[in-house]
Amino acid sequence: MKGELKELKLTVNGKPCELKVKANTLLVELLRNELKLTGTKVGCLDSACGACTVNIDGKAVRSCSVLALQANGRKVTTIEGVADGDKLHPIQEAMVEYGAIECGFCTPGMVMSAKALLEENPSPTREEVREAIQGNLCADEGYVKYIEAIEIAAEKMRGGQ
Amino acid sequence: MIGDFEYFAPKTVDEAIALLSKYKGEAKIIAGGQSMLVVMKRGLLTTEYLIDIKGIAALDYIKYDEGEGLRIGALTIHRAIEKSPIIQKHFRVLSEMEQNLATIQTRNWGTIGGNLCHGDPAGDPAPVLIALNAKLKLAGSGGERIIEVEEFSKDYLEVALEPDEMLTEIQVPTPLSHTGIACEKLMVMKGDMGVVGAAVSITLSPKDGVCKDARIVLSNCASVPLRARGAEKKLIGKVLNDSLLVEAGEVASTEASPPVDVHGSAEYRQEMVKVFVRRAATKALERAKAA
């Protein structure tokens, strides 16, 4: 029936969640409004800016362009699931240290795109880094610092301090 | 924000078709939804029943056999096609096309079948698949049928699916020997929809180098992916050189009736058809000679 709440089981940041949602709920609406995970940003809500990027089963995906119910049975990671307690992830550390963050609005999406990249490809070329964040718009034009920070994080994650 | 609907997530093709038959005409299929959710959010599309087929794992595959050619399950994501070693080796134009299809996020969730069924004449896969002479397998309550990709698009956002039918497989034959295929599109930014685009396939005769067959397909130049048959005729039966490729672009430009929007006037797009047909044809010819 229309308007009926549907059952949804998924893992968010390592925690199993069981919820009931309206079928027309977008994943980003579930994350921000229901689960109060507001680190994921909404820029355009139109699949253009990439601010709402999360990882689904380890892949970068725009949470404004997926129905919440389509994440059923899947593992979703948001920016809140990236740091280990108070210890920042090497990608976050590098972004802070090397000045990649300006206003910060696009940063959660950038981190999630970078994380998916480095988990799949620990030694990306500069072109691959550029491609990975091609779908994340930064209104401050801070792309170069992001690219450099991701390369530094990749190096750290490979073990070379 | 999106109009409400009743939601189903069938696990098999049969279940999906049963739902389509039950709610004939009132139901829409969603796969990755990378195009569909955009139009739903704008209120351009509403549906009573939404059938989410993204979870039908049996339609996610890439298979290759030299005789049979390439078979791609309709729910294969774009990124899998882009990165498939089989496709990179035997159908590299498909991988190249995917590299410029939207962004990684879209390619990670969007499916090849969803793209084709959306029926956007600016879409990238259909022109390349038409140049490759590909076919589609459709499944419905009456069984399966095969249709040429070229016959699939009917009008803007309209395809030749009956209300109880769904796309299940893309079938790409192994190209004839001495065939080269390439695609090019004009983008404002990498990954954008093509302002215009061209996919070109050229087959040469190994004996005398004469062009045996040519297929030229334009994107965003009509209400459907457009075969530029006049341009193809310019090439077939001749030993190709650059001035013939320029002529083919000029003829293709007269066959195009492109839309007008913020990215370009019809006249500008027609000029760009000349450029992009020539570029794609030049690359296809080089590849045919090297094949």
# chains A, B, ... in the order shown; residues from 1 in each chain; ligands from 1

$ interface_residues --of "chain A" --to "chain B" --cutoff "7 Å" --atoms "only C-alpha atoms" --output "list in words"
Met1, Lys2, Gly3, Ala23, Asn24, Asp46, Lys59, Ala60, Val61, Arg62, Ser65, Val66, Ala132, Gln134 and Gly135 of chain A

$ write_last_selection --atoms "N, CA and C atoms" --output "mmCIF file, in the first residue's frame"
data_model
loop_
_atom_site.group_PDB
_atom_site.id
_atom_site.type_symbol
_atom_site.label_atom_id
_atom_site.label_comp_id
_atom_site.auth_asym_id
_atom_site.auth_seq_id
_atom_site.Cartn_x
_atom_site.Cartn_y
_atom_site.Cartn_z
ATOM 1 N N MET A 1 0.830 -1.194 0.000
ATOM 2 C CA MET A 1 0.000 0.000 0.000
ATOM 3 C C MET A 1 0.871 1.253 0.000
ATOM 4 N N LYS A 2 0.381 2.274 -0.692
ATOM 5 C CA LYS A 2 1.091 3.557 -0.691
ATOM 6 C C LYS A 2 1.157 4.124 0.723
ATOM 7 N N GLY A 3 2.273 4.754 1.043
ATOM 8 C CA GLY A 3 2.391 5.394 2.350
ATOM 9 C C GLY A 3 2.739 4.430 3.469
ATOM 10 N N ALA A 23 8.578 4.401 1.454
ATOM 11 C CA ALA A 23 9.289 3.913 0.266
ATOM 12 C C ALA A 23 9.960 5.037 -0.514
ATOM 13 N N ASN A 24 9.411 6.248 -0.443
ATOM 14 C CA ASN A 24 9.995 7.339 -1.238
ATOM 15 C C ASN A 24 11.083 8.105 -0.476
ATOM 16 N N ASP A 46 20.498 16.807 -6.419
ATOM 17 C CA ASP A 46 20.173 16.603 -7.824
ATOM 18 C C ASP A 46 21.270 15.807 -8.532
ATOM 19 N N LYS A 59 31.902 1.213 -2.010
ATOM 20 C CA LYS A 59 31.969 2.030 -3.242
ATOM 21 C C LYS A 59 31.357 3.412 -2.999
ATOM 22 N N ALA A 60 31.952 4.418 -3.596
ATOM 23 C CA ALA A 60 31.418 5.774 -3.477
ATOM 24 C C ALA A 60 30.116 5.887 -4.259
ATOM 25 N N VAL A 61 29.069 6.343 -3.576
ATOM 26 C CA VAL A 61 27.747 6.487 -4.199
ATOM 27 C C VAL A 61 27.116 7.761 -3.632
ATOM 28 N N ARG A 62 26.269 8.414 -4.439
ATOM 29 C CA ARG A 62 25.585 9.617 -3.961
ATOM 30 C C ARG A 62 24.309 9.228 -3.228
ATOM 31 N N SER A 65 20.813 10.005 -4.469
ATOM 32 C CA SER A 65 20.364 9.381 -5.715
ATOM 33 C C SER A 65 20.129 7.887 -5.555
ATOM 34 N N VAL A 66 19.874 7.490 -4.313
ATOM 35 C CA VAL A 66 19.570 6.097 -4.010
ATOM 36 C C VAL A 66 18.379 6.107 -3.064
ATOM 37 N N ALA A 132 38.753 10.219 -9.128
ATOM 38 C CA ALA A 132 37.955 9.778 -7.982
ATOM 39 C C ALA A 132 37.147 10.929 -7.382
ATOM 40 N N GLN A 134 36.349 13.691 -9.158
ATOM 41 C CA GLN A 134 35.756 14.445 -10.273
ATOM 42 C C GLN A 134 34.281 14.768 -9.982
ATOM 43 N N GLY A 135 33.606 13.864 -9.297
ATOM 44 C CA GLY A 135 32.183 14.062 -9.016
ATOM 45 C C GLY A 135 31.918 14.766 -7.698
#

$ select_by_dssp --residues "segment 44-199 of chain B" --states "helix (DSSP H, G or I)" --output "PDB file with C-alpha atoms, in the first residue's frame"
ATOM      1  CA  ALA B  57      21.694 -10.681  -8.809  1.00  0.00           C
ATOM      2  CA  ALA B  58      21.183 -13.027 -11.777  1.00  0.00           C
ATOM      3  CA  LEU B  59      21.209 -10.022 -14.147  1.00  0.00           C
ATOM      4  CA  HIS B  78      28.737   1.019 -15.526  1.00  0.00           C
ATOM      5  CA  ARG B  79      31.903   0.808 -13.447  1.00  0.00           C
ATOM      6  CA  ALA B  80      32.070  -2.976 -13.933  1.00  0.00           C
ATOM      7  CA  ILE B  81      31.907  -2.523 -17.714  1.00  0.00           C
ATOM      8  CA  GLU B  82      34.558   0.198 -17.585  1.00  0.00           C
ATOM      9  CA  LYS B  83      36.923  -1.964 -15.539  1.00  0.00           C
ATOM     10  CA  PRO B  85      39.454  -6.879 -18.490  1.00  0.00           C
ATOM     11  CA  ILE B  86      37.406  -8.847 -21.067  1.00  0.00           C
ATOM     12  CA  ILE B  87      35.736  -5.672 -22.305  1.00  0.00           C
ATOM     13  CA  GLN B  88      38.980  -3.695 -22.250  1.00  0.00           C
ATOM     14  CA  LYS B  89      40.583  -6.407 -24.376  1.00  0.00           C
ATOM     15  CA  HIS B  90      37.854  -7.190 -26.898  1.00  0.00           C
ATOM     16  CA  ARG B  92      37.613  -1.322 -25.629  1.00  0.00           C
ATOM     17  CA  VAL B  93      35.253   1.288 -27.069  1.00  0.00           C
ATOM     18  CA  LEU B  94      32.687   0.270 -24.434  1.00  0.00           C
ATOM     19  CA  SER B  95      35.191   0.810 -21.646  1.00  0.00           C
ATOM     20  CA  GLU B  96      36.239   4.144 -23.165  1.00  0.00           C
ATOM     21  CA  MET B  97      32.604   5.217 -23.419  1.00  0.00           C
ATOM     22  CA  GLU B  98      32.070   4.390 -19.739  1.00  0.00           C
ATOM     23  CA  GLN B  99      35.099   6.435 -18.663  1.00  0.00           C
ATOM     24  CA  ILE B 104      32.430   7.355 -10.494  1.00  0.00           C
ATOM     25  CA  GLN B 105      29.579   7.653  -7.984  1.00  0.00           C
ATOM     26  CA  THR B 106      27.017   7.325 -10.768  1.00  0.00           C
ATOM     27  CA  ARG B 107      28.919   4.492 -12.449  1.00  0.00           C
ATOM     28  CA  ASN B 108      29.150   2.660  -9.129  1.00  0.00           C
ATOM     29  CA  TRP B 109      25.376   2.414  -8.777  1.00  0.00           C
ATOM     30  CA  ILE B 112      23.738  -0.302 -18.300  1.00  0.00           C
ATOM     31  CA  GLY B 113      20.171  -1.585 -18.622  1.00  0.00           C
ATOM     32  CA  GLY B 114      18.730   1.310 -16.664  1.00  0.00           C
ATOM     33  CA  ASN B 115      20.574   3.756 -18.877  1.00  0.00           C
ATOM     34  CA  LEU B 116      19.200   2.161 -22.070  1.00  0.00           C
ATOM     35  CA  CYS B 117      15.635   1.948 -20.747  1.00  0.00           C
ATOM     36  CA  HIS B 118      15.695   5.604 -19.709  1.00  0.00           C
ATOM     37  CA  PRO B 125      25.831   3.669 -24.309  1.00  0.00           C
ATOM     38  CA  ALA B 126      23.153   3.373 -27.014  1.00  0.00           C
ATOM     39  CA  PRO B 127      25.096   5.001 -29.890  1.00  0.00           C
ATOM     40  CA  VAL B 128      28.163   2.870 -29.175  1.00  0.00           C
ATOM     41  CA  LEU B 129      26.058  -0.278 -28.930  1.00  0.00           C
ATOM     42  CA  ILE B 130      24.331   0.589 -32.218  1.00  0.00           C
ATOM     43  CA  ALA B 131      27.742   1.090 -33.850  1.00  0.00           C
ATOM     44  CA  VAL B 149      19.448  -1.604 -29.982  1.00  0.00           C
ATOM     45  CA  GLU B 150      18.762   0.608 -32.994  1.00  0.00           C
ATOM     46  CA  GLU B 151      15.055  -0.292 -32.846  1.00  0.00           C
ATOM     47  CA  PHE B 152      14.761   0.155 -29.083  1.00  0.00           C
TER      48      PHE B 152
END

$ residues_around --residues "Arg145 of chain B" --least-positions-apart "3" --cutoff "12 Å" --atoms "only C-alpha atoms" --output "list in words"
Lys135, Leu136, Lys137, Leu138, Ala139, Gly140, Ser141, Gly142, Glu148, Ala160, Leu161, Glu162, Glu165, Met166, Leu167, Thr168 and Glu169 of chain B

$ write_last_selection --atoms "C-alpha atoms" --output "tab-separated table (two decimals), in the first residue's frame"
chain	number	residue	atom	x	y	z
B	135	LYS	CA	20.94	-6.51	-29.65
B	136	LEU	CA	18.79	-6.53	-26.52
B	137	LYS	CA	17.01	-9.40	-24.88
B	138	LEU	CA	13.63	-8.44	-23.47
B	139	ALA	CA	11.63	-10.70	-21.17
B	140	GLY	CA	7.88	-10.45	-20.69
B	141	SER	CA	4.90	-12.55	-19.67
B	142	GLY	CA	4.78	-13.98	-23.20
B	148	GLU	CA	18.23	-4.45	-32.21
B	160	ALA	CA	10.05	-0.24	-27.18
B	161	LEU	CA	9.18	-2.07	-23.98
B	162	GLU	CA	5.66	-3.44	-23.59
B	165	GLU	CA	8.40	-6.40	-20.41
B	166	MET	CA	11.86	-5.71	-19.02
B	167	LEU	CA	15.35	-5.62	-20.47
B	168	THR	CA	17.47	-8.54	-19.29
B	169	GLU	CA	20.57	-8.70	-21.49

$ residues_around --residues "segment 136-144 of chain A" --least-positions-apart "2" --cutoff "12 Å" --atoms "only C-alpha atoms" --output "PyMOL selection string"
(chain A and resi 41-44+47-54+60-62+95+98-114+126+129-134+146-151) or (chain B and resi 102-106+189)

$ write_last_selection --atoms "C-alpha atoms" --output "short mmCIF file (atom, residue, chain, number, x, y, z; two decimals), in the first residue's frame"
data_model
loop_
_atom_site.label_atom_id
_atom_site.label_comp_id
_atom_site.auth_asym_id
_atom_site.auth_seq_id
_atom_site.Cartn_x
_atom_site.Cartn_y
_atom_site.Cartn_z
CA LYS A 41 25.82 17.06 3.45
CA VAL A 42 23.12 17.92 0.98
CA GLY A 43 24.32 20.31 -1.68
CA CYS A 44 22.13 20.06 -4.74
CA SER A 47 23.06 14.20 -8.34
CA ALA A 48 25.38 16.97 -9.42
CA CYS A 49 27.60 18.08 -6.51
CA GLY A 50 28.73 14.93 -4.71
CA ALA A 51 28.48 16.47 -1.19
CA CYS A 52 26.22 13.59 -0.11
CA THR A 53 28.70 10.87 -1.17
CA VAL A 54 28.75 7.85 1.14
CA ALA A 60 31.42 5.77 -3.48
CA VAL A 61 27.75 6.49 -4.20
CA ARG A 62 25.59 9.62 -3.96
CA MET A 95 43.27 16.97 4.74
CA TYR A 98 47.74 20.06 4.39
CA GLY A 99 44.97 22.66 4.31
CA ALA A 100 42.59 20.83 2.02
CA ILE A 101 39.60 21.98 4.06
CA GLU A 102 38.34 25.45 3.34
CA CYS A 103 34.67 25.99 4.17
CA GLY A 104 34.37 22.24 4.73
CA PHE A 105 31.00 21.68 3.11
CA CYS A 106 32.28 19.35 0.41
CA THR A 107 34.79 17.66 2.72
CA PRO A 108 32.69 14.71 3.95
CA GLY A 109 31.94 13.77 0.35
CA MET A 110 35.59 14.20 -0.63
CA VAL A 111 36.68 11.94 2.23
CA MET A 112 34.20 9.26 1.21
CA SER A 113 35.29 9.36 -2.44
CA ALA A 114 38.94 9.21 -1.36
CA ARG A 126 47.43 11.51 -9.83
CA VAL A 129 42.94 10.62 -7.69
CA ARG A 130 41.57 13.41 -9.89
CA GLU A 131 39.06 11.02 -11.42
CA ALA A 132 37.96 9.78 -7.98
CA ILE A 133 36.95 13.29 -6.86
CA GLN A 134 35.76 14.44 -10.27
CA TYR A 146 42.57 17.78 -1.85
CA ILE A 147 44.53 15.89 -4.47
CA GLU A 148 47.79 16.43 -2.59
CA ALA A 149 46.23 15.41 0.73
CA ILE A 150 44.82 12.20 -0.78
CA GLU A 151 48.23 11.34 -2.22
CA ALA B 102 28.97 10.80 -15.57
CA THR B 103 31.07 10.33 -12.42
CA ILE B 104 32.43 7.35 -10.49
CA GLN B 105 29.58 7.65 -7.98
CA THR B 106 27.02 7.33 -10.77
CA MET B 189 33.13 19.09 -18.14
#

$ select_by_dssp --residues "segment 92-261 of chain B" --states "strand (DSSP E)" --output "ChimeraX atom specification"
/B:135-140,143-148,153-155,158-159,166-172,179-185,197-204,211-219,226-227

$ write_last_selection --atoms "C-alpha atoms" --output "CSV table (one decimal), in the first residue's frame"
chain,number,residue,atom,x,y,z
B,135,LYS,CA,20.9,-6.5,-29.6
B,136,LEU,CA,18.8,-6.5,-26.5
B,137,LYS,CA,17.0,-9.4,-24.9
B,138,LEU,CA,13.6,-8.4,-23.5
B,139,ALA,CA,11.6,-10.7,-21.2
B,140,GLY,CA,7.9,-10.5,-20.7
B,143,GLY,CA,8.4,-15.1,-23.1
B,144,GLU,CA,11.6,-13.5,-24.5
B,145,ARG,CA,12.3,-11.6,-27.6
B,146,ILE,CA,15.4,-10.0,-29.2
B,147,ILE,CA,15.5,-6.5,-30.6
B,148,GLU,CA,18.2,-4.4,-32.2
B,153,SER,CA,14.5,3.9,-28.7
B,154,LYS,CA,11.2,5.3,-29.9
B,155,ASP,CA,11.2,9.0,-28.8
B,158,GLU,CA,10.5,6.3,-24.7
B,159,VAL,CA,11.6,2.8,-25.5
B,166,MET,CA,11.9,-5.7,-19.0
B,167,LEU,CA,15.3,-5.6,-20.5
B,168,THR,CA,17.5,-8.5,-19.3
B,169,GLU,CA,20.6,-8.7,-21.5
B,170,ILE,CA,22.7,-6.7,-23.9
B,171,GLN,CA,24.2,-8.9,-26.7
B,172,VAL,CA,27.2,-7.6,-28.6
B,179,THR,CA,37.0,-3.4,-37.8
B,180,GLY,CA,37.8,-0.3,-35.8
B,181,ILE,CA,35.3,1.4,-33.5
B,182,ALA,CA,35.6,4.7,-31.6
B,183,CYS,CA,33.4,7.2,-29.9
B,184,GLU,CA,33.9,10.9,-29.1
B,185,LYS,CA,31.6,13.5,-27.4
B,197,GLY,CA,28.5,12.8,-29.6
B,198,ALA,CA,29.5,10.3,-32.3
B,199,ALA,CA,30.2,6.6,-32.4
B,200,VAL,CA,31.8,5.3,-35.6
B,201,SER,CA,32.5,1.7,-36.7
B,202,ILE,CA,34.6,1.1,-39.8
B,203,THR,CA,35.3,-2.3,-41.4
B,204,LEU,CA,38.0,-2.6,-44.1
B,211,CYS,CA,35.7,0.3,-46.6
B,212,LYS,CA,33.3,-2.7,-46.5
B,213,ASP,CA,31.0,-1.3,-43.8
B,214,ALA,CA,30.5,1.9,-41.8
B,215,ARG,CA,28.2,2.7,-39.0
B,216,ILE,CA,27.9,6.2,-37.8
B,217,VAL,CA,25.6,7.0,-34.8
B,218,LEU,CA,25.0,10.4,-33.2
B,219,SER,CA,23.9,11.3,-29.7
B,226,LEU,CA,20.5,8.7,-34.8
B,227,ARG,CA,22.1,6.5,-37.5

$ residues_around --residues "segment 67-72 of chain B" --least-positions-apart "2" --cutoff "8 Å" --atoms "only C-alpha atoms" --output "list of chain:residue names"
B:Asp60, B:Tyr61, B:Ile62, B:Lys63, B:Tyr64, B:Asp65, B:Ala74, B:Thr76, B:Glu169, B:Ile170, B:Gln171, B:Val172, B:Pro173, B:Thr174

$ write_last_selection --atoms "C-alpha atoms" --output "PDB file, in the first residue's frame"
ATOM      1  CA  ASP B  60      24.649  -8.838 -13.077  1.00  0.00           C
ATOM      2  CA  TYR B  61      27.211 -10.508 -15.345  1.00  0.00           C
ATOM      3  CA  ILE B  62      29.697 -10.034 -18.170  1.00  0.00           C
ATOM      4  CA  LYS B  63      30.317 -13.113 -20.331  1.00  0.00           C
ATOM      5  CA  TYR B  64      32.414 -13.454 -23.429  1.00  0.00           C
ATOM      6  CA  ASP B  65      32.811 -16.148 -26.030  1.00  0.00           C
ATOM      7  CA  ALA B  74      21.081  -5.600 -17.723  1.00  0.00           C
ATOM      8  CA  THR B  76      25.680  -4.708 -14.590  1.00  0.00           C
ATOM      9  CA  GLU B 169      20.571  -8.697 -21.485  1.00  0.00           C
ATOM     10  CA  ILE B 170      22.723  -6.741 -23.915  1.00  0.00           C
ATOM     11  CA  GLN B 171      24.241  -8.892 -26.666  1.00  0.00           C
ATOM     12  CA  VAL B 172      27.234  -7.569 -28.573  1.00  0.00           C
ATOM     13  CA  PRO B 173      28.509  -9.625 -31.500  1.00  0.00           C
ATOM     14  CA  THR B 174      32.242  -9.994 -32.030  1.00  0.00           C
TER      15      THR B 174
END
